[in-house]
$ cat run-v7.csv   # CSV, C-alpha atoms (C1' of nucleotides)
chain,number,residue,atom,x,y,z
A,1,MET,CA,50.0,76.5,125.3
A,2,ILE,CA,53.7,76.5,125.9
A,3,SER,CA,55.6,75.6,122.7
A,4,ASN,CA,58.4,73.2,122.6
A,5,THR,CA,60.9,75.9,121.7
A,6,ASP,CA,59.7,78.0,124.6
A,7,SER,CA,60.5,75.3,127.0
A,8,SER,CA,63.8,74.6,125.3
A,9,GLU,CA,64.6,78.2,125.7
A,10,ALA,CA,63.6,78.2,129.3
A,11,LEU,CA,65.9,75.3,129.9
A,12,ALA,CA,68.8,77.0,128.0
A,13,GLN,CA,68.2,80.1,130.1
A,14,ARG,CA,68.1,78.4,133.4
A,15,LEU,CA,71.2,76.4,132.7
A,16,GLN,CA,73.1,79.5,131.6
A,17,ASP,CA,72.0,81.3,134.7
A,18,SER,CA,73.4,78.5,136.8
A,19,GLY,CA,76.7,78.5,134.8
A,20,LEU,CA,75.8,75.1,133.4
A,21,ARG,CA,76.0,73.8,129.8
A,22,ASN,CA,73.0,73.0,127.6
A,23,THR,CA,73.6,69.5,126.3
A,24,PRO,CA,71.5,67.3,124.1
A,25,GLN,CA,71.0,64.9,127.0
A,26,ARG,CA,69.6,67.6,129.2
A,27,GLU,CA,67.2,68.7,126.4
A,28,VAL,CA,66.0,65.2,125.8
A,29,ILE,CA,65.4,64.4,129.5
A,30,TYR,CA,63.5,67.7,130.0
A,31,SER,CA,61.4,67.1,126.9
A,32,VAL,CA,60.6,63.6,128.1
A,33,LEU,CA,59.3,65.0,131.4
A,34,LEU,CA,57.3,67.7,129.6
A,35,LYS,CA,55.8,65.2,127.1
A,36,LYS,CA,54.2,62.8,129.6
A,37,ARG,CA,53.6,64.3,133.0
A,38,ASP,CA,52.8,61.2,134.9
A,39,HIS,CA,55.6,61.5,137.5
A,40,PRO,CA,58.0,59.0,136.0
A,41,THR,CA,60.9,57.4,137.9
A,42,ALA,CA,64.5,57.8,136.7
A,43,GLU,CA,64.1,54.3,135.1
A,44,ASP,CA,60.9,55.4,133.3
A,45,VAL,CA,62.7,58.5,132.0
A,46,PHE,CA,65.6,56.4,130.9
A,47,ALA,CA,63.3,54.1,128.9
A,48,ARG,CA,61.5,57.0,127.3
A,49,ALA,CA,64.8,58.8,126.4
A,50,LYS,CA,66.4,55.8,124.8
A,51,PRO,CA,64.5,55.8,121.6
A,52,GLU,CA,65.5,59.4,121.0
A,53,MET,CA,69.1,58.9,122.2
A,54,PRO,CA,70.1,55.2,122.2
A,55,MET,CA,73.5,55.7,123.8
A,56,ILE,CA,72.3,57.7,126.8
A,57,SER,CA,73.2,56.0,130.1
A,58,LEU,CA,71.2,55.7,133.3
A,59,ALA,CA,73.9,57.6,135.2
A,60,THR,CA,73.4,60.5,132.8
A,61,VAL,CA,69.6,60.4,133.3
A,62,TYR,CA,70.2,60.7,137.1
A,63,ASN,CA,72.7,63.5,136.5
A,64,CYS,CA,70.4,65.4,134.2
A,65,LEU,CA,67.4,65.0,136.5
A,66,GLU,CA,69.4,66.3,139.4
A,67,THR,CA,70.5,69.2,137.3
A,68,LEU,CA,66.9,70.1,136.4
A,69,VAL,CA,65.9,69.9,140.0
A,70,GLN,CA,68.8,72.2,140.9
A,71,CYS,CA,67.6,74.7,138.2
A,72,ASP,CA,64.1,74.6,139.7
A,73,LEU,CA,62.6,73.4,136.5
A,74,VAL,CA,61.6,70.1,137.9
A,75,ARG,CA,60.4,68.9,141.3
A,76,ALA,CA,61.6,65.6,142.8
A,77,VAL,CA,58.8,63.8,144.7
A,78,ASN,CA,59.1,60.9,147.1
A,79,PHE,CA,56.5,58.5,148.5
A,80,GLU,CA,57.8,56.5,151.4
A,81,ARG,CA,60.9,54.9,150.1
A,82,GLY,CA,59.8,54.2,146.6
A,83,PRO,CA,61.9,55.5,143.7
A,84,THR,CA,62.0,59.2,143.3
A,85,ARG,CA,59.6,60.6,140.8
A,86,TYR,CA,60.0,63.8,138.7
A,87,CYS,CA,57.4,66.5,138.1
A,88,PRO,CA,57.8,69.5,135.7
A,89,ASN,CA,54.8,71.2,137.2
A,90,LEU,CA,56.1,74.5,138.7
A,91,ARG,CA,52.8,75.8,140.1
A,92,PRO,CA,52.3,75.5,143.8
A,93,HIS,CA,50.8,72.1,144.2
A,94,ALA,CA,50.4,69.1,146.5
A,95,HIS,CA,50.6,65.5,145.5
A,96,PHE,CA,47.9,62.9,145.9
A,97,HIS,CA,49.2,59.3,146.0
A,98,ASP,CA,46.6,56.7,145.0
A,99,GLU,CA,47.3,53.7,147.1
A,100,ALA,CA,45.4,51.4,144.9
A,101,THR,CA,47.0,52.2,141.6
A,102,GLY,CA,50.3,53.8,142.6
A,103,ALA,CA,49.4,56.8,140.4
A,104,THR,CA,50.3,60.3,141.5
A,105,HIS,CA,48.1,63.3,140.9
A,106,ASP,CA,48.9,67.0,141.1
A,107,ILE,CA,46.6,69.0,143.3
A,108,ASP,CA,46.8,72.7,142.6
A,109,LEU,CA,46.7,74.8,145.7
A,110,PRO,CA,44.7,78.0,146.2
A,111,PRO,CA,47.0,81.0,146.5
A,112,GLY,CA,47.9,81.7,150.1
A,113,LEU,CA,47.3,78.1,151.3
A,114,LEU,CA,51.0,77.4,151.7
A,115,ASP,CA,51.6,80.6,153.6
A,116,GLN,CA,48.6,79.7,155.8
A,117,VAL,CA,50.1,76.3,156.5
A,118,LYS,CA,53.5,77.9,157.2
A,119,SER,CA,51.8,80.2,159.8
A,120,VAL,CA,51.4,77.3,162.2
A,121,LEU,CA,55.1,77.3,162.7
A,122,PRO,CA,56.6,78.9,165.8
A,123,ALA,CA,58.1,82.2,165.0
A,124,ASP,CA,61.7,81.1,165.1
A,125,PHE,CA,61.3,78.3,162.5
A,126,ASP,CA,62.2,79.5,159.0
A,127,ALA,CA,60.7,77.2,156.4
A,128,LYS,CA,62.2,77.3,152.9
A,129,SER,CA,59.6,74.9,151.6
A,130,VAL,CA,56.4,73.1,152.5
A,131,GLU,CA,55.4,69.8,151.0
A,132,ILE,CA,51.9,68.4,151.2
A,133,ILE,CA,51.2,64.7,150.4
A,134,PHE,CA,47.8,63.1,150.4
A,135,ARG,CA,47.3,59.4,150.4
A,136,GLY,CA,44.1,57.6,149.6
A,137,LYS,CA,41.8,56.7,146.7
A,138,ALA,CA,41.6,58.9,143.6
A,139,PRO,CA,38.8,58.9,141.1
A,140,ALA,CA,39.0,56.3,138.4
A,141,LYS,CA,39.6,58.8,135.6
A,142,SER,CA,41.2,62.1,136.4
B,1,MET,CA,52.7,62.0,182.5
B,2,ILE,CA,52.2,58.6,180.8
B,3,SER,CA,53.8,55.9,182.9
B,4,ASN,CA,55.9,53.2,181.5
B,5,THR,CA,53.4,50.6,182.5
B,6,ASP,CA,50.7,52.6,180.8
B,7,SER,CA,52.5,52.5,177.5
B,8,SER,CA,53.4,48.9,177.9
B,9,GLU,CA,49.7,48.2,178.4
B,10,ALA,CA,48.8,50.3,175.4
B,11,LEU,CA,51.2,48.2,173.4
B,12,ALA,CA,49.8,45.0,174.7
B,13,GLN,CA,46.3,46.1,174.0
B,14,ARG,CA,47.0,47.2,170.4
B,15,LEU,CA,48.9,44.0,169.6
B,16,GLN,CA,46.1,41.9,171.0
B,17,ASP,CA,43.5,43.9,169.0
B,18,SER,CA,45.4,43.2,165.9
B,19,GLY,CA,45.8,39.5,166.7
B,20,LEU,CA,49.5,39.8,167.2
B,21,ARG,CA,51.7,38.6,170.1
B,22,ASN,CA,53.3,40.8,172.7
B,23,THR,CA,57.0,39.9,172.6
B,24,PRO,CA,60.0,41.2,174.6
B,25,GLN,CA,61.5,42.5,171.4
B,26,ARG,CA,58.4,44.6,170.6
B,27,GLU,CA,58.4,46.0,174.1
B,28,VAL,CA,62.0,46.9,174.0
B,29,ILE,CA,61.7,48.6,170.6
B,30,TYR,CA,58.6,50.5,171.7
B,31,SER,CA,60.2,51.7,174.9
B,32,VAL,CA,63.3,52.8,173.0
B,33,LEU,CA,61.1,55.0,170.8
B,34,LEU,CA,59.3,56.4,173.8
B,35,LYS,CA,62.5,57.1,175.8
B,36,LYS,CA,64.2,59.4,173.3
B,37,ARG,CA,61.9,60.9,170.8
B,38,ASP,CA,64.4,62.2,168.3
B,39,HIS,CA,63.1,60.4,165.2
B,40,PRO,CA,65.7,57.7,165.2
B,41,THR,CA,66.4,55.4,162.2
B,42,ALA,CA,66.1,51.7,162.3
B,43,GLU,CA,69.9,51.5,162.9
B,44,ASP,CA,69.6,54.0,165.7
B,45,VAL,CA,66.9,51.9,167.3
B,46,PHE,CA,69.0,48.8,166.9
B,47,ALA,CA,71.9,50.5,168.6
B,48,ARG,CA,69.7,51.7,171.5
B,49,ALA,CA,68.0,48.3,171.9
B,50,LYS,CA,71.2,46.3,172.0
B,51,PRO,CA,72.3,47.1,175.5
B,52,GLU,CA,69.0,45.9,176.8
B,53,MET,CA,68.8,42.9,174.5
B,54,PRO,CA,72.2,42.0,173.1
B,55,MET,CA,70.9,39.2,170.9
B,56,ILE,CA,68.3,41.2,169.0
B,57,SER,CA,68.8,41.4,165.3
B,58,LEU,CA,68.5,44.2,162.9
B,59,ALA,CA,65.9,42.3,161.0
B,60,THR,CA,63.8,42.0,164.1
B,61,VAL,CA,64.1,45.8,164.7
B,62,TYR,CA,62.7,46.3,161.2
B,63,ASN,CA,60.0,43.8,161.8
B,64,CYS,CA,59.0,45.3,165.2
B,65,LEU,CA,59.0,48.8,163.8
B,66,GLU,CA,56.8,47.8,161.0
B,67,THR,CA,54.5,46.1,163.5
B,68,LEU,CA,54.2,49.2,165.6
B,69,VAL,CA,53.4,51.3,162.5
B,70,GLN,CA,50.7,48.8,161.6
B,71,CYS,CA,49.3,49.1,165.1
B,72,ASP,CA,49.2,52.9,164.8
B,73,LEU,CA,51.4,53.4,167.8
B,74,VAL,CA,54.3,54.8,165.7
B,75,ARG,CA,54.5,56.9,162.6
B,76,ALA,CA,57.2,56.3,159.9
B,77,VAL,CA,58.6,59.5,158.5
B,78,ASN,CA,60.6,59.9,155.3
B,79,PHE,CA,62.7,62.8,154.1
B,80,GLU,CA,63.7,62.4,150.5
B,81,ARG,CA,65.4,59.1,150.2
B,82,GLY,CA,67.1,59.1,153.6
B,83,PRO,CA,66.5,56.2,156.0
B,84,THR,CA,63.0,56.0,157.5
B,85,ARG,CA,62.6,57.6,160.9
B,86,TYR,CA,60.2,56.6,163.6
B,87,CYS,CA,58.0,58.8,165.7
B,88,PRO,CA,55.8,57.7,168.6
B,89,ASN,CA,53.9,61.1,168.7
B,90,LEU,CA,50.3,60.3,168.0
B,91,ARG,CA,48.9,63.8,168.0
B,92,PRO,CA,48.2,65.4,164.6
B,93,HIS,CA,51.5,67.0,163.7
B,94,ALA,CA,53.7,68.0,160.8
B,95,HIS,CA,57.5,67.5,160.6
B,96,PHE,CA,60.1,70.2,160.2
B,97,HIS,CA,63.3,69.0,158.7
B,98,ASP,CA,66.3,71.2,159.6
B,99,GLU,CA,68.5,71.2,156.5
B,100,ALA,CA,71.6,72.3,158.5
B,101,THR,CA,71.6,69.8,161.3
B,102,GLY,CA,69.4,67.0,159.8
B,103,ALA,CA,67.3,67.2,163.0
B,104,THR,CA,63.5,66.6,162.8
B,105,HIS,CA,61.1,68.6,164.9
B,106,ASP,CA,57.4,67.8,165.5
B,107,ILE,CA,55.1,70.7,164.8
B,108,ASP,CA,51.7,70.3,166.5
B,109,LEU,CA,48.9,71.3,164.3
B,110,PRO,CA,45.8,73.3,165.4
B,111,PRO,CA,42.6,71.3,165.3
B,112,GLY,CA,40.9,71.5,162.0
B,113,LEU,CA,44.0,72.4,160.0
B,114,LEU,CA,44.3,69.0,158.4
B,115,ASP,CA,40.6,69.0,157.4
B,116,GLN,CA,41.1,72.5,156.0
B,117,VAL,CA,44.0,71.3,153.9
B,118,LYS,CA,42.0,68.3,152.8
B,119,SER,CA,39.2,70.6,151.7
B,120,VAL,CA,41.4,71.7,148.7
B,121,LEU,CA,40.9,68.3,147.2
B,122,PRO,CA,38.4,67.9,144.4
B,123,ALA,CA,35.3,66.1,145.7
B,124,ASP,CA,36.1,62.7,144.3
B,125,PHE,CA,39.4,62.4,146.0
B,126,ASP,CA,39.2,60.5,149.2
B,127,ALA,CA,42.3,61.1,151.3
B,128,LYS,CA,43.0,58.6,154.1
B,129,SER,CA,46.0,60.7,155.3
B,130,VAL,CA,47.7,64.0,154.9
B,131,GLU,CA,51.3,64.6,155.5
B,132,ILE,CA,53.0,68.0,155.9
B,133,ILE,CA,56.7,68.4,155.7
B,134,PHE,CA,58.6,71.7,156.2
B,135,ARG,CA,62.2,72.1,155.3
B,136,GLY,CA,64.4,74.9,156.4
B,137,LYS,CA,66.3,76.3,159.4
B,138,ALA,CA,65.1,75.6,162.9
B,139,PRO,CA,66.1,77.5,166.0
B,140,ALA,CA,69.3,76.4,167.6
B,141,LYS,CA,67.6,75.1,170.7
B,142,SER,CA,64.1,73.9,170.6
C,1,DC,C1',51.8,16.9,174.9
C,2,DC,C1',51.1,18.3,169.9
C,3,DA,C1',50.1,20.7,165.9
C,4,DA,C1',49.6,25.0,164.0
C,5,DT,C1',51.0,29.4,163.7
C,6,DG,C1',53.6,33.5,164.8
C,7,DT,C1',58.2,35.4,165.8
C,8,DT,C1',63.1,35.9,165.7
C,9,DT,C1',67.6,35.4,163.8
C,10,DA,C1',71.4,35.6,160.5
C,11,DG,C1',72.7,36.2,156.4
C,12,DA,C1',71.8,36.6,151.4
C,13,DA,C1',69.5,39.3,148.0
C,14,DT,C1',67.4,43.4,146.1
C,15,DG,C1',66.8,47.9,144.2
C,16,DA,C1',67.5,52.7,143.8
C,17,DT,C1',71.0,55.6,143.8
C,18,DT,C1',75.8,57.3,143.9
C,19,DC,C1',80.6,56.9,143.0
C,20,DT,C1',84.7,56.2,140.1
C,21,DT,C1',87.3,56.5,136.2
C,22,DA,C1',88.1,57.2,131.5
C,23,DT,C1',86.5,59.4,127.6
C,24,DT,C1',84.5,63.1,125.2
C,25,DA,C1',82.9,67.9,124.4
C,26,DC,C1',83.0,72.7,125.2
C,27,DT,C1',84.9,77.2,126.1
C,28,DA,C1',88.2,81.0,126.4
C,29,DG,C1',92.3,82.7,125.3
C,30,DT,C1',95.9,82.9,122.1
D,1,DA,C1',92.6,76.8,114.2
D,2,DC,C1',95.3,75.1,118.7
D,3,DT,C1',95.4,74.2,123.3
D,4,DA,C1',94.6,74.2,128.3
D,5,DG,C1',91.1,73.9,131.4
D,6,DT,C1',86.7,72.6,132.8
D,7,DA,C1',82.2,70.3,132.4
D,8,DA,C1',79.5,66.4,131.0
D,9,DT,C1',78.8,61.7,129.7
D,10,DA,C1',79.2,56.6,129.8
D,11,DA,C1',79.8,52.1,131.9
D,12,DG,C1',80.2,49.6,135.5
D,13,DA,C1',81.4,49.0,140.4
D,14,DA,C1',80.0,50.2,145.0
D,15,DT,C1',76.8,51.7,148.6
D,16,DC,C1',73.1,51.8,151.7
D,17,DA,C1',68.6,50.9,153.5
D,18,DT,C1',65.6,47.5,153.4
D,19,DT,C1',63.4,43.0,152.4
D,20,DC,C1',63.6,38.2,151.7
D,21,DT,C1',64.7,33.4,153.0
D,22,DA,C1',65.2,29.5,155.7
D,23,DA,C1',65.9,27.6,160.0
D,24,DA,C1',65.2,27.7,164.9
D,25,DC,C1',62.3,29.0,168.6
D,26,DA,C1',58.1,30.3,171.2
D,27,DT,C1',53.3,30.4,172.2
D,28,DT,C1',48.6,29.1,171.8
D,29,DG,C1',44.6,26.2,171.5
D,30,DG,C1',43.1,21.6,171.4

$ encode --input "run-v7.csv" --output "structure tokens"
Amino acid sequence: MISNTDSSEALAQRLQDSGLRNTPQREVIYSVLLKKRDHPTAEDVFARAKPEMPMISLATVYNCLETLVQCDLVRAVNFERGPTRYCPNLRPHAHFHDEATGATHDIDLPPGLLDQVKSVLPADFDAKSVEIIFRGKAPAKS
Amino acid sequence: MISNTDSSEALAQRLQDSGLRNTPQREVIYSVLLKKRDHPTAEDVFARAKPEMPMISLATVYNCLETLVQCDLVRAVNFERGPTRYCPNLRPHAHFHDEATGATHDIDLPPGLLDQVKSVLPADFDAKSVEIIFRGKAPAKS
DNA sequence: CCAATGTTTAGAATGATTCTTATTACTAGT
DNA sequence: ACTAGTAATAAGAATCATTCTAAACATTGG
């Protein structure tokens, strides 16, 4: 189990490495993402952060989420043109978008799969990232 | 080579199969997509259709594109939250998004790859589609 | 021809996100 | 501690792609 202080320290570390400051807002946003990993939107995060920090603004939520993405602590996920969703899972994984419920599920990928997929690229294409999105019906409880 | 009339007939057929009408607007939009396969946005398509049909409206372009997507003649592609792009390539393929130029390249996939990727899903997930997006640097000329 | 239905048009409305500006909070150097 | 410089936040305005609305038009089957 990763303790709360561990993740706070990971955040502090990453921010420092990027020459950024560790603010209470960033800590709250990150902790909100870690607490409930259901791929919330910025509005969702805003709503969850407010009880802990009533004066926080939506603009700040967007700013902090963007910062966390820059620091590679969080992944931004998009389905079609729906609102961006945020995911603190750092393991290599794909996303499964349940078309019935709108829910998003992380699908952990076996080691080597992403490289294997990358190997279909012609030699002169240099992929920095690969994203895999499934769409369909997920089991009722997962 | 697929002739122009062939594709018009494919369109007419698909529309009929879906109980939809074959309109001049739909034909123009589809032909615009076939003529230059550079993953245009709705605005791009609008601009390209106008010379051929000056009275066409942007709303109609959106409507027609949506119709073509429903008929499985065209794929809608999204990168982050940028405008949706449209692609008449029906072969199984991934997309490579060149971060420097913004250009999109089709990457044809070897047969079986999509099934292989699907096989990483737990048994109770039923994927209707799989989408693969690469991001990085593409060769200067492709 | 007529009614029913599908399609197009133009413009208004929406929704997520970004931008702007002022204010506040740190940080380093003295 | 004091101060200049920089970073971050807050609040609201602005933006952009897209969708909606309502009216006009077109097509089909009876």

$ residues_around --input "run-v7.csv" --residues "segment 19-25 of chain C" --least-positions-apart "4" --cutoff "12 Å" --atoms "all atoms listed in the file" --output "PyMOL selection string"
(chain A and resi 21-24+59) or (chain D and resi 6-15)

$ closest_atom_pairs --input "run-v7.csv" --of "chain B" --to "chain C" --cutoff "9 Å" --atoms "all atoms listed in the file" --output "JSON lines"
{"residue": "B:Leu20", "atom": "CA", "partner": "C:DG6", "partner_atom": "C1'", "distance": 7.9}
{"residue": "B:Arg21", "atom": "CA", "partner": "C:DG6", "partner_atom": "C1'", "distance": 7.6}
{"residue": "B:Thr23", "atom": "CA", "partner": "C:DT7", "partner_atom": "C1'", "distance": 8.2}
{"residue": "B:Gln25", "atom": "CA", "partner": "C:DT8", "partner_atom": "C1'", "distance": 8.9}
{"residue": "B:Met55", "atom": "CA", "partner": "C:DT9", "partner_atom": "C1'", "distance": 8.7}
{"residue": "B:Ile56", "atom": "CA", "partner": "C:DT9", "partner_atom": "C1'", "distance": 7.8}
{"residue": "B:Ser57", "atom": "CA", "partner": "C:DT9", "partner_atom": "C1'", "distance": 6.3}
{"residue": "B:Leu58", "atom": "CA", "partner": "C:DT9", "partner_atom": "C1'", "distance": 8.9}
{"residue": "B:Ala59", "atom": "CA", "partner": "C:DT9", "partner_atom": "C1'", "distance": 7.6}
{"residue": "B:Thr60", "atom": "CA", "partner": "C:DT8", "partner_atom": "C1'", "distance": 6.3}

$ closest_residue --input "run-v7.csv" --among "B:Glu80, B:Glu99, B:Asp17, B:Asp44" --to "chain A" --atoms "only C-alpha atoms"
B:Glu80

$ closest_residue --input "run-v7.csv" --among "A:Arg81, A:His93, A:His39, A:Lys50" --to "chain D" --atoms "only C-alpha atoms (C1' of nucleotides)"
A:Arg81

$ atom_distance --input "run-v7.csv" --atom1 "atom CA of Leu73 of chain A" --atom2 "atom CA of Glu131 of chain A"
16.6 Å

$ atom_distance --input "run-v7.csv" --atom1 "atom CA of Cys64 of chain B" --atom2 "atom CA of Ile29 of chain B"
6.9 Å

$ residues_near_point --input "run-v7.csv" --point "(57.1, 52.6, 168.4)" --cutoff "9 Å" --atoms "all atoms listed in the file" --output "ChimeraX atom specification"
/B:11,26-27,29-34,64-69,72-75,86-88

$ interface_residues --input "run-v7.csv" --of "chain B" --to "chain A" --cutoff "7 Å" --atoms "all atoms listed in the file" --output "ChimeraX atom specification"
/B:78,80-81,107,109,120-121,124-139

$ atom_distance --input "run-v7.csv" --atom1 "atom CA of Tyr62 of chain A" --atom2 "atom CA of Thr41 of chain A"
9.9 Å

$ interface_residues --input "run-v7.csv" --of "chain D" --to "chain B" --cutoff "10 Å" --atoms "all atoms listed in the file" --output "count of residues only"
6
